[in-house]
>>> print(open('query.cif').read())   # mmCIF, C-alpha atoms
data_input
#
loop_
_atom_site.label_atom_id
_atom_site.label_comp_id
_atom_site.auth_asym_id
_atom_site.auth_seq_id
_atom_site.Cartn_x
_atom_site.Cartn_y
_atom_site.Cartn_z
CA MET A 24 -21.32 -6.63 -11.30
CA GLN A 25 -20.72 -7.71 -7.70
CA LEU A 26 -18.97 -5.66 -5.03
CA HIS A 27 -16.92 -7.41 -2.34
CA LEU A 28 -15.08 -5.65 0.49
CA HIS A 29 -12.08 -7.18 2.27
CA SER A 30 -10.55 -5.48 5.33
CA PHE A 31 -7.18 -6.27 6.87
CA GLN A 32 -4.90 -5.26 9.73
CA ILE A 33 -1.30 -5.75 8.67
CA PRO A 34 1.61 -5.44 11.13
CA LEU A 35 4.79 -3.69 9.99
CA LYS A 36 8.29 -5.05 10.35
CA HIS A 37 9.19 -2.06 12.50
CA PRO A 38 7.51 1.23 13.54
CA PHE A 39 7.24 3.75 10.72
CA THR A 40 7.77 7.28 12.02
CA ILE A 41 7.39 10.64 10.31
CA SER A 42 7.32 14.15 11.75
CA ARG A 43 3.68 14.00 12.87
CA ARG A 44 3.02 10.35 13.78
CA SER A 45 4.33 6.84 14.25
CA PHE A 46 2.54 3.56 13.52
CA ASP A 47 3.36 -0.14 13.66
CA GLN A 48 0.46 -1.56 11.63
CA ILE A 49 -1.83 -0.51 8.81
CA GLU A 50 -5.54 -0.98 8.32
CA ASN A 51 -6.58 -1.35 4.72
CA LEU A 52 -9.62 -2.00 2.60
CA VAL A 53 -9.45 -4.04 -0.58
CA VAL A 54 -12.34 -3.54 -3.00
CA GLU A 55 -13.15 -6.34 -5.42
CA LEU A 56 -15.37 -6.04 -8.49
CA ARG A 57 -16.50 -9.37 -9.90
CA ASP A 58 -18.84 -10.35 -12.73
CA ASP A 59 -20.86 -13.52 -13.32
CA GLN A 60 -18.20 -14.92 -15.65
CA GLY A 61 -15.56 -14.94 -12.92
CA ASN A 62 -13.66 -11.84 -14.06
CA SER A 63 -12.58 -9.67 -11.16
CA GLY A 64 -10.43 -6.67 -10.29
CA ILE A 65 -9.05 -5.42 -6.99
CA GLY A 66 -7.98 -2.07 -5.56
CA GLU A 67 -6.84 -0.77 -2.19
CA ALA A 68 -7.11 2.09 0.26
CA THR A 69 -5.38 2.40 3.61
CA VAL A 70 -6.41 4.23 6.76
CA ASN A 71 -4.40 7.39 7.48
CA SER A 72 -5.17 9.55 10.52
CA TYR A 73 -4.09 12.74 8.67
CA TYR A 74 -7.03 12.27 6.31
CA PRO A 75 -10.29 11.90 8.29
CA HIS A 76 -12.24 10.59 5.28
CA SER A 77 -10.05 7.46 5.27
CA LYS A 78 -11.63 5.76 8.30
CA LEU A 79 -12.22 2.09 7.52
CA GLU A 80 -15.85 1.84 8.57
CA GLU A 81 -16.70 5.13 6.85
CA MET A 82 -15.17 3.92 3.59
CA LYS A 83 -17.18 0.70 3.80
CA LYS A 84 -20.34 2.66 4.55
CA GLN A 85 -19.90 4.92 1.54
CA LEU A 86 -19.22 2.03 -0.83
CA LEU A 87 -22.10 -0.08 0.46
CA ALA A 88 -24.42 2.90 0.02
CA ILE A 89 -23.77 2.87 -3.75
CA TRP A 90 -23.78 -0.93 -4.07
CA PRO A 91 -27.01 -0.97 -6.14
CA LEU A 92 -25.52 1.48 -8.63
CA ILE A 93 -22.41 -0.67 -9.01
CA GLU A 94 -24.34 -3.92 -9.42
CA ASN A 95 -26.43 -2.46 -12.23
CA TYR A 96 -23.52 -0.78 -14.04
CA SER A 97 -22.11 -2.31 -17.21
CA LEU A 98 -18.42 -1.72 -16.67
CA GLU A 99 -16.58 -1.31 -19.97
CA ASN A 100 -14.41 1.78 -19.36
CA ALA A 101 -12.87 2.57 -15.98
CA ALA A 102 -12.60 6.33 -16.59
CA ASP A 103 -16.29 6.54 -17.50
CA PHE A 104 -17.10 4.54 -14.37
CA TRP A 105 -15.08 7.03 -12.27
CA ASP A 106 -17.09 9.92 -13.70
CA PHE A 107 -20.36 8.08 -13.02
CA ILE A 108 -19.46 7.30 -9.39
CA HIS A 109 -17.72 10.58 -8.51
CA PRO A 110 -20.85 12.55 -7.48
CA ARG A 111 -21.72 9.72 -5.08
CA LEU A 112 -18.24 9.53 -3.53
CA ALA A 113 -17.33 13.23 -3.51
CA GLY A 114 -15.38 13.85 -0.31
CA PHE A 115 -14.27 10.21 -0.01
CA PRO A 116 -11.27 9.92 -2.36
CA PHE A 117 -9.70 6.99 -0.49
CA ALA A 118 -12.77 4.81 -1.02
CA HIS A 119 -13.05 6.02 -4.61
CA CYS A 120 -9.39 5.17 -5.19
CA ALA A 121 -9.88 1.54 -4.16
CA LEU A 122 -12.95 1.25 -6.39
CA ASP A 123 -11.19 2.93 -9.33
CA GLU A 124 -8.12 0.69 -9.07
CA ALA A 125 -10.43 -2.34 -9.07
CA ALA A 126 -12.24 -1.02 -12.14
CA HIS A 127 -8.98 -0.51 -14.09
CA ASP A 128 -7.76 -3.97 -13.06
CA TYR A 129 -11.07 -5.52 -14.13
CA CYS A 130 -11.24 -3.76 -17.51
CA ALA A 131 -7.62 -4.56 -18.42
CA GLN A 132 -8.12 -8.21 -17.47
CA LYS A 133 -11.21 -8.44 -19.66
CA ALA A 134 -9.18 -6.91 -22.49
CA GLY A 135 -6.49 -9.57 -21.96
CA LEU A 136 -3.70 -7.02 -21.35
CA PRO A 137 -1.51 -5.70 -18.56
CA LEU A 138 -2.96 -2.38 -17.47
CA TYR A 139 -0.18 -0.19 -18.92
CA GLN A 140 -0.65 -1.85 -22.32
CA HIS A 141 -4.42 -1.42 -22.03
CA TRP A 142 -3.67 2.32 -21.70
CA GLY A 143 -1.44 2.22 -24.79
CA LEU A 144 1.83 2.65 -22.86
CA GLU A 145 5.18 0.91 -23.27
CA LYS A 146 7.32 -0.23 -20.37
CA LYS A 147 10.74 1.00 -21.45
CA GLU A 148 13.04 3.02 -19.19
CA THR A 149 11.10 3.65 -16.00
CA PRO A 150 12.17 5.15 -12.66
CA ILE A 151 13.43 3.00 -9.81
CA SER A 152 11.49 3.40 -6.58
CA SER A 153 13.03 5.19 -3.66
CA TYR A 154 13.31 3.31 -0.37
CA THR A 155 12.07 5.23 2.67
CA LEU A 156 14.08 5.60 5.86
CA SER A 157 11.58 6.64 8.50
CA MET A 158 12.62 8.52 11.61
CA ALA A 159 14.76 6.55 14.05
CA PRO A 160 18.08 6.95 15.86
CA LEU A 161 20.88 7.42 13.36
CA GLU A 162 22.47 4.04 14.03
CA ILE A 163 19.18 2.27 13.23
CA MET A 164 18.70 4.29 10.04
CA VAL A 165 22.24 3.41 8.97
CA GLU A 166 21.59 -0.27 9.69
CA ARG A 167 18.41 -0.27 7.61
CA MET A 168 20.11 1.60 4.79
CA GLU A 169 23.06 -0.77 4.63
CA LYS A 170 20.76 -3.80 4.76
CA MET A 171 18.79 -2.60 1.72
CA ASP A 172 21.74 -1.20 -0.29
CA TRP A 173 19.32 0.84 -2.43
CA PRO A 174 20.33 3.42 -5.11
CA LEU A 175 17.81 6.05 -3.93
CA TYR A 176 16.61 6.77 -0.41
CA LYS A 177 13.73 8.93 0.75
CA ILE A 178 14.62 10.17 4.23
CA LYS A 179 11.98 11.38 6.65
CA LEU A 180 13.01 14.55 8.48
CA GLY A 181 11.42 17.03 10.87
CA ARG A 182 13.63 17.09 13.97
CA ASP A 183 16.26 19.42 15.39
CA ASN A 184 19.02 17.09 14.23
CA ASP A 185 17.91 16.79 10.59
CA LEU A 186 21.27 17.84 9.18
CA GLU A 187 23.17 15.53 11.51
CA ILE A 188 21.02 12.65 10.24
CA ILE A 189 21.77 13.40 6.58
CA GLU A 190 25.47 13.97 7.29
CA GLY A 191 25.61 10.69 9.21
CA LEU A 192 23.85 8.72 6.48
CA ARG A 193 26.01 10.27 3.79
CA LYS A 194 29.11 8.83 5.48
CA HIS A 195 27.75 5.35 4.81
CA SER A 196 26.30 5.70 1.31
CA SER A 197 26.88 7.40 -2.02
CA ALA A 198 23.26 6.78 -3.07
CA ASP A 199 20.97 9.63 -4.07
CA PHE A 200 18.85 11.12 -1.28
CA ILE A 201 15.40 12.68 -1.24
CA VAL A 202 14.33 14.36 1.98
CA ASP A 203 10.73 14.68 3.16
CA ALA A 204 9.83 16.98 6.04
CA ASN A 205 6.08 16.18 5.97
CA CYS A 206 5.13 19.83 6.70
CA ALA A 207 7.42 20.10 9.73
CA TRP A 208 9.64 23.12 8.93
CA SER A 209 9.18 26.85 9.20
CA LEU A 210 10.19 29.10 6.31
CA ALA A 211 13.42 30.21 8.00
CA GLU A 212 14.29 26.64 8.92
CA ALA A 213 13.62 25.43 5.38
CA ILE A 214 15.86 28.11 3.85
CA ASP A 215 18.73 27.26 6.18
CA LYS A 216 18.41 23.50 5.79
CA ALA A 217 18.05 23.66 2.01
CA GLN A 218 21.40 25.42 1.77
CA ALA A 219 23.12 22.70 3.78
CA LEU A 220 21.31 19.80 2.11
CA ALA A 221 22.35 21.00 -1.33
CA SER A 222 25.93 19.97 -0.60
CA LEU A 223 24.98 16.50 0.67
CA GLY A 224 23.75 14.83 -2.50
CA VAL A 225 20.06 15.58 -1.97
CA LEU A 226 18.00 15.62 -5.18
CA PHE A 227 15.01 17.55 -3.85
CA ILE A 228 12.97 18.41 -0.77
CA GLU A 229 9.46 17.11 -0.39
CA GLN A 230 6.80 19.16 1.42
CA PRO A 231 9.02 21.34 3.64
CA LEU A 232 6.22 23.61 4.98
CA PRO A 233 2.67 23.04 6.24
CA ALA A 234 0.26 22.30 3.42
CA HIS A 235 -1.57 25.63 3.18
CA GLN A 236 1.36 28.04 3.62
CA TRP A 237 1.36 29.09 -0.02
CA ALA A 238 2.76 32.57 0.60
CA ASP A 239 5.78 31.17 2.44
CA MET A 240 6.23 28.47 -0.21
CA GLU A 241 6.47 31.20 -2.84
CA LYS A 242 9.28 32.82 -0.82
CA LEU A 243 11.05 29.50 -0.36
CA PHE A 244 10.67 28.72 -4.06
CA ALA A 245 12.56 31.92 -4.88
CA GLN A 246 15.44 31.12 -2.51
CA SER A 247 15.86 27.35 -2.35
CA PRO A 248 18.95 25.92 -4.07
CA LEU A 249 17.12 22.57 -4.29
CA PRO A 250 13.92 21.69 -6.15
CA LEU A 251 10.78 21.48 -4.02
CA MET A 252 8.17 18.73 -4.39
CA ALA A 253 4.57 19.14 -3.22
CA ASP A 254 2.85 16.33 -1.34
CA GLU A 255 0.32 17.41 1.28
CA SER A 256 -0.11 20.67 -0.65
CA CYS A 257 -1.16 18.78 -3.79
CA GLN A 258 -4.01 16.40 -3.05
CA THR A 259 -6.38 17.15 -5.94
CA GLU A 260 -6.42 18.43 -9.49
CA ALA A 261 -7.35 21.90 -8.23
CA ASP A 262 -4.34 21.89 -5.86
CA LEU A 263 -2.00 21.06 -8.72
CA LEU A 264 -2.90 24.22 -10.59
CA ARG A 265 -1.60 26.29 -7.64
CA CYS A 266 1.80 24.58 -7.55
CA PRO A 267 3.71 26.47 -10.29
CA GLY A 268 5.75 29.22 -8.68
CA HIS A 269 5.57 27.41 -5.34
CA PHE A 270 6.95 23.95 -6.17
CA HIS A 271 9.09 22.48 -8.91
CA GLY A 272 7.18 19.20 -8.92
CA VAL A 273 4.30 17.27 -7.42
CA ASN A 274 4.01 13.93 -5.64
CA ILE A 275 0.66 12.48 -6.68
CA LYS A 276 -0.92 9.97 -4.30
CA LEU A 277 -3.69 7.80 -5.72
CA MET A 278 -5.71 7.73 -2.52
CA LYS A 279 -5.63 11.48 -2.06
CA CYS A 280 -6.83 12.28 -5.57
CA GLY A 281 -9.31 9.42 -5.91
CA GLY A 282 -7.51 6.78 -7.95
CA LEU A 283 -5.73 6.06 -11.21
CA THR A 284 -8.22 7.98 -13.36
CA PRO A 285 -7.63 11.42 -11.77
CA ALA A 286 -3.93 10.63 -11.24
CA ARG A 287 -3.48 10.24 -15.00
CA ARG A 288 -5.19 13.58 -15.56
CA MET A 289 -2.96 15.20 -12.92
CA ILE A 290 0.16 13.82 -14.59
CA GLN A 291 -0.91 15.39 -17.87
CA GLN A 292 -1.70 18.69 -16.15
CA ALA A 293 1.66 18.67 -14.40
CA ARG A 294 3.44 18.19 -17.72
CA GLU A 295 1.52 21.11 -19.17
CA GLN A 296 2.64 23.21 -16.19
CA LYS A 297 6.30 22.12 -16.66
CA LEU A 298 6.32 20.37 -13.27
CA GLN A 299 8.29 17.25 -12.39
CA VAL A 300 6.07 14.29 -11.54
CA MET A 301 6.40 11.76 -8.76
CA VAL A 302 3.84 9.19 -7.68
CA GLY A 303 3.98 8.03 -4.08
CA CYS A 304 2.50 5.29 -1.94
CA MET A 305 0.91 5.42 1.51
CA THR A 306 2.27 2.14 2.90
CA GLU A 307 -0.03 0.07 0.72
CA SER A 308 0.21 -3.66 0.26
CA THR A 309 1.13 -5.15 -3.09
CA VAL A 310 -2.47 -4.49 -4.26
CA GLY A 311 -1.97 -0.72 -4.28
CA ILE A 312 1.69 -0.90 -5.25
CA SER A 313 0.83 -2.94 -8.33
CA ALA A 314 -1.65 -0.26 -9.43
CA ILE A 315 0.96 2.50 -9.02
CA ALA A 316 3.51 0.55 -11.07
CA HIS A 317 1.50 0.90 -14.28
CA LEU A 318 2.01 4.67 -14.15
CA LEU A 319 5.80 4.29 -14.34
CA PRO A 320 6.10 5.08 -18.08
CA LEU A 321 4.52 8.49 -17.41
CA ILE A 322 6.55 9.81 -14.45
CA ASP A 323 10.00 10.99 -13.32
CA TYR A 324 10.16 9.60 -9.77
CA VAL A 325 8.27 7.00 -7.79
CA ASP A 326 7.98 6.05 -4.14
CA MET A 327 6.31 2.61 -4.16
CA ASP A 328 8.20 0.77 -1.44
CA GLY A 329 5.25 0.09 0.90
CA GLN A 330 5.33 -3.68 0.44
CA HIS A 331 8.83 -3.79 1.98
CA PHE A 332 7.57 -2.57 5.35
CA LEU A 333 4.88 -5.21 5.86
CA ALA A 334 5.57 -8.10 8.20
CA LYS A 335 3.35 -10.20 5.92
CA ASP A 336 1.87 -9.05 2.63
CA ILE A 337 -1.73 -9.86 1.72
CA ALA A 338 -1.15 -10.07 -2.02
CA ASP A 339 1.18 -11.09 -4.81
CA GLY A 340 1.84 -8.87 -7.80
CA VAL A 341 4.43 -6.33 -8.95
CA LYS A 342 7.69 -6.72 -7.03
CA VAL A 343 9.66 -3.58 -6.17
CA THR A 344 13.42 -4.14 -6.31
CA LYS A 345 16.45 -1.88 -6.29
CA ASN A 346 16.83 -2.63 -10.00
CA GLY A 347 13.28 -1.69 -10.92
CA ALA A 348 9.73 -3.04 -10.86
CA VAL A 349 9.22 -6.69 -11.80
CA PHE A 350 5.80 -7.33 -13.34
CA PRO A 351 4.14 -10.73 -13.03
CA PRO A 352 2.98 -12.49 -16.24
CA ARG A 353 -0.64 -11.49 -15.66
CA ASN A 354 -3.15 -9.10 -17.12
CA GLY A 355 -4.67 -6.15 -15.27
CA THR A 356 -2.54 -4.69 -12.48
CA GLY A 357 -1.10 -8.15 -11.77
CA ALA A 358 -2.19 -8.12 -8.13
CA ARG A 359 -3.86 -11.16 -6.56
CA LEU A 360 -4.95 -11.60 -2.96
CA LEU A 361 -3.18 -14.43 -1.15
CA SER A 362 -5.42 -17.04 0.45
#
>>> encode(input="query.cif", output="structure tokens")
Amino acid sequence: MQLHLHSFQIPLKHPFTISRRSFDQIENLVVELRDDQGNSGIGEATVNSYYPHSKLEEMKKQLLAIWPLIENYSLENAADFWDFIHPRLAGFPFAHCALDEAAHDYCAQKAGLPLYQHWGLEKKETPISSYTLSMAPLEIMVERMEKMDWPLYKIKLGRDNDLEIIEGLRKHSSADFIVDANCAWSLAEAIDKAQALASLGVLFIEQPLPAHQWADMEKLFAQSPLPLMADESCQTEADLLRCPGHFHGVNIKLMKCGGLTPARRMIQQAREQKLQVMVGCMTESTVGISAIAHLLPLIDYVDMDGQHFLAKDIADGVKVTKNGAVFPPRNGTGARLLS
């Protein structure tokens, strides 16, 4: 088994702004696993300043350090491979995510099946991805919304004029809205805004309070007229077990939890806890988006629109449209790097 690392800097079509940062390009690492017969699988991690363990050179360093283990491993089952590697990549879930996605892609390709079929799933009725409107002046957000004409928007909030933004957007669309504060609100602010947002066609609020304010989340949970979805508060399997009584659902991110293997366990745990399940992206290319898409039969909501924000994608694979995900006629995740 050979390990190959590919790094990219990808410009965005326009700056992507949330409550704590703005960026106009992404750095990402694509991990490729390849055998002597020409079979290969790819997976992705992006750099995100909120998560210090996602630095590009650090991810490369950690993966290169375990290269001998990977080369000598007989990869037959991706979940077993995750368990084998986990002690060596503890504390580096972004790097482990890219490796795990590559392993699942590789194993499904060797089995001659799309990944979801390799897992024993059927692609029947699956959720349509939301399309994210990042922070910008209202007129720009309206322009982007009308250009996409999407049935579900995820709207980034965290400013003094949050309600004006939602009211202004609502005048131009009857689509469903999700709002995401990315930890920006106080408890009092969240209570007030939730009351107003409930009348504006908002389905739920994602991560209203800072990640570790569990006591305040419990108070908000008791008072909010809208469901609450954990994101920054739910990074790992251990975090998920704290969410009942604080959130109504969880947004699972593959890079934060360490890949598809732990994400599937978290989905099962969330179901056992009677939580709604969303899987989100972190502005990945089509490599990461294609991996997320194979979880669609298991979840209620998905945010996998990252490929739409890239000025030029690095891969071909699952296409995200307003009518649903379109899978290519390929095995594995379906993702292929473009030359």
>>> residues_near_point(input="query.cif", point="(11.5, 20.3, 0.6)", cutoff="12 Å", atoms="all atoms listed in the file", output="count of residues only")
55
>>> resolve_selection(input="query.cif", expression="the PyMOL selection byres ((chain A and resi 55) around 7)", output="PDB file with C-alpha atoms, in the frame of the given file")
ATOM      1  CA  LEU A  26     -18.970  -5.660  -5.030  1.00  0.00           C
ATOM      2  CA  HIS A  27     -16.920  -7.410  -2.340  1.00  0.00           C
ATOM      3  CA  LEU A  28     -15.080  -5.650   0.490  1.00  0.00           C
ATOM      4  CA  VAL A  53      -9.450  -4.040  -0.580  1.00  0.00           C
ATOM      5  CA  VAL A  54     -12.340  -3.540  -3.000  1.00  0.00           C
ATOM      6  CA  LEU A  56     -15.370  -6.040  -8.490  1.00  0.00           C
ATOM      7  CA  ARG A  57     -16.500  -9.370  -9.900  1.00  0.00           C
ATOM      8  CA  SER A  63     -12.580  -9.670 -11.160  1.00  0.00           C
ATOM      9  CA  GLY A  64     -10.430  -6.670 -10.290  1.00  0.00           C
ATOM     10  CA  ILE A  65      -9.050  -5.420  -6.990  1.00  0.00           C
ATOM     11  CA  GLY A  66      -7.980  -2.070  -5.560  1.00  0.00           C
ATOM     12  CA  ALA A 125     -10.430  -2.340  -9.070  1.00  0.00           C
TER      13      ALA A 125
END
>>> resolve_selection(input="query.cif", expression="the PyMOL selection byres ((chain A and resi 31) around 7)", output="list in words")
His29, Ser30, Gln32, Ile33, Glu50, Asn51 and Leu52 of chain A
>>> write_last_selection(input="query.cif", atoms="C-alpha atoms", output="compact mmCIF listing (two decimals), keeping the file's coordinate frame")
# COMPACT_ATOMS: atom_id res chain seq x y z
CA HIS A 29 -12.08 -7.18 2.27
CA SER A 30 -10.55 -5.48 5.33
CA GLN A 32 -4.90 -5.26 9.73
CA ILE A 33 -1.30 -5.75 8.67
CA GLU A 50 -5.54 -0.98 8.32
CA ASN A 51 -6.58 -1.35 4.72
CA LEU A 52 -9.62 -2.00 2.60
>>> residues_around(input="query.cif", residues="stretch 149-161 of chain A", least_positions_apart="2", cutoff="9 Å", atoms="all atoms listed in the file", output="mmCIF file with C-alpha atoms, in the coordinates of the input")
data_model
loop_
_atom_site.group_PDB
_atom_site.id
_atom_site.type_symbol
_atom_site.label_atom_id
_atom_site.label_comp_id
_atom_site.auth_asym_id
_atom_site.auth_seq_id
_atom_site.Cartn_x
_atom_site.Cartn_y
_atom_site.Cartn_z
ATOM 1 C CA PRO A 38 7.510 1.230 13.540
ATOM 2 C CA PHE A 39 7.240 3.750 10.720
ATOM 3 C CA THR A 40 7.770 7.280 12.020
ATOM 4 C CA ILE A 41 7.390 10.640 10.310
ATOM 5 C CA SER A 42 7.320 14.150 11.750
ATOM 6 C CA SER A 45 4.330 6.840 14.250
ATOM 7 C CA LYS A 146 7.320 -0.230 -20.370
ATOM 8 C CA LYS A 147 10.740 1.000 -21.450
ATOM 9 C CA ILE A 163 19.180 2.270 13.230
ATOM 10 C CA MET A 164 18.700 4.290 10.040
ATOM 11 C CA VAL A 165 22.240 3.410 8.970
ATOM 12 C CA GLU A 166 21.590 -0.270 9.690
ATOM 13 C CA ARG A 167 18.410 -0.270 7.610
ATOM 14 C CA MET A 168 20.110 1.600 4.790
ATOM 15 C CA MET A 171 18.790 -2.600 1.720
ATOM 16 C CA TRP A 173 19.320 0.840 -2.430
ATOM 17 C CA PRO A 174 20.330 3.420 -5.110
ATOM 18 C CA LEU A 175 17.810 6.050 -3.930
ATOM 19 C CA TYR A 176 16.610 6.770 -0.410
ATOM 20 C CA LYS A 177 13.730 8.930 0.750
ATOM 21 C CA ILE A 178 14.620 10.170 4.230
ATOM 22 C CA LYS A 179 11.980 11.380 6.650
ATOM 23 C CA LEU A 180 13.010 14.550 8.480
ATOM 24 C CA GLY A 181 11.420 17.030 10.870
ATOM 25 C CA ARG A 182 13.630 17.090 13.970
ATOM 26 C CA GLU A 187 23.170 15.530 11.510
ATOM 27 C CA ILE A 188 21.020 12.650 10.240
ATOM 28 C CA GLY A 191 25.610 10.690 9.210
ATOM 29 C CA LEU A 192 23.850 8.720 6.480
ATOM 30 C CA PHE A 200 18.850 11.120 -1.280
ATOM 31 C CA ILE A 201 15.400 12.680 -1.240
ATOM 32 C CA LEU A 319 5.800 4.290 -14.340
ATOM 33 C CA PRO A 320 6.100 5.080 -18.080
ATOM 34 C CA LEU A 321 4.520 8.490 -17.410
ATOM 35 C CA ILE A 322 6.550 9.810 -14.450
ATOM 36 C CA ASP A 323 10.000 10.990 -13.320
ATOM 37 C CA TYR A 324 10.160 9.600 -9.770
ATOM 38 C CA VAL A 325 8.270 7.000 -7.790
ATOM 39 C CA ASP A 326 7.980 6.050 -4.140
ATOM 40 C CA MET A 327 6.310 2.610 -4.160
ATOM 41 C CA ASP A 328 8.200 0.770 -1.440
ATOM 42 C CA GLY A 329 5.250 0.090 0.900
ATOM 43 C CA HIS A 331 8.830 -3.790 1.980
ATOM 44 C CA VAL A 343 9.660 -3.580 -6.170
ATOM 45 C CA THR A 344 13.420 -4.140 -6.310
ATOM 46 C CA LYS A 345 16.450 -1.880 -6.290
ATOM 47 C CA ASN A 346 16.830 -2.630 -10.000
ATOM 48 C CA GLY A 347 13.280 -1.690 -10.920
ATOM 49 C CA ALA A 348 9.730 -3.040 -10.860
#
>>> atom_distance(input="query.cif", atom1="atom CA of A:Leu277", atom2="atom CA of A:Asp123")
9.6 Å
>>> decode(input="query.cif", residues="stretch 191-214 of chain A", atoms="C-alpha atoms", output="compact mmCIF listing (two decimals), in the first residue's frame")
# COMPACT_ATOMS: atom_id res chain seq x y z
CA GLY A 191 -34.87 41.11 4.09
CA LEU A 192 -34.11 37.70 2.60
CA ARG A 193 -37.60 36.44 3.39
CA LYS A 194 -39.06 39.20 1.19
CA HIS A 195 -37.30 37.63 -1.79
CA SER A 196 -37.78 33.91 -1.16
CA SER A 197 -40.25 31.39 0.20
CA ALA A 198 -37.51 28.77 0.59
CA ASP A 199 -36.78 27.13 3.93
CA PHE A 200 -34.10 28.80 6.05
CA ILE A 201 -31.57 27.44 8.52
CA VAL A 202 -29.62 29.98 10.54
CA ASP A 203 -26.12 29.44 11.90
CA ALA A 204 -24.63 31.82 14.46
CA ASN A 205 -21.28 29.99 14.75
CA CYS A 206 -21.11 30.57 18.53
CA ALA A 207 -21.72 34.32 18.25
CA TRP A 208 -24.77 34.92 20.49
CA SER A 209 -25.24 35.33 24.21
CA LEU A 210 -28.03 33.45 25.99
CA ALA A 211 -30.28 36.52 26.20
CA GLU A 212 -29.64 37.36 22.56
CA ALA A 213 -30.39 33.80 21.47
CA ILE A 214 -33.69 33.73 23.36
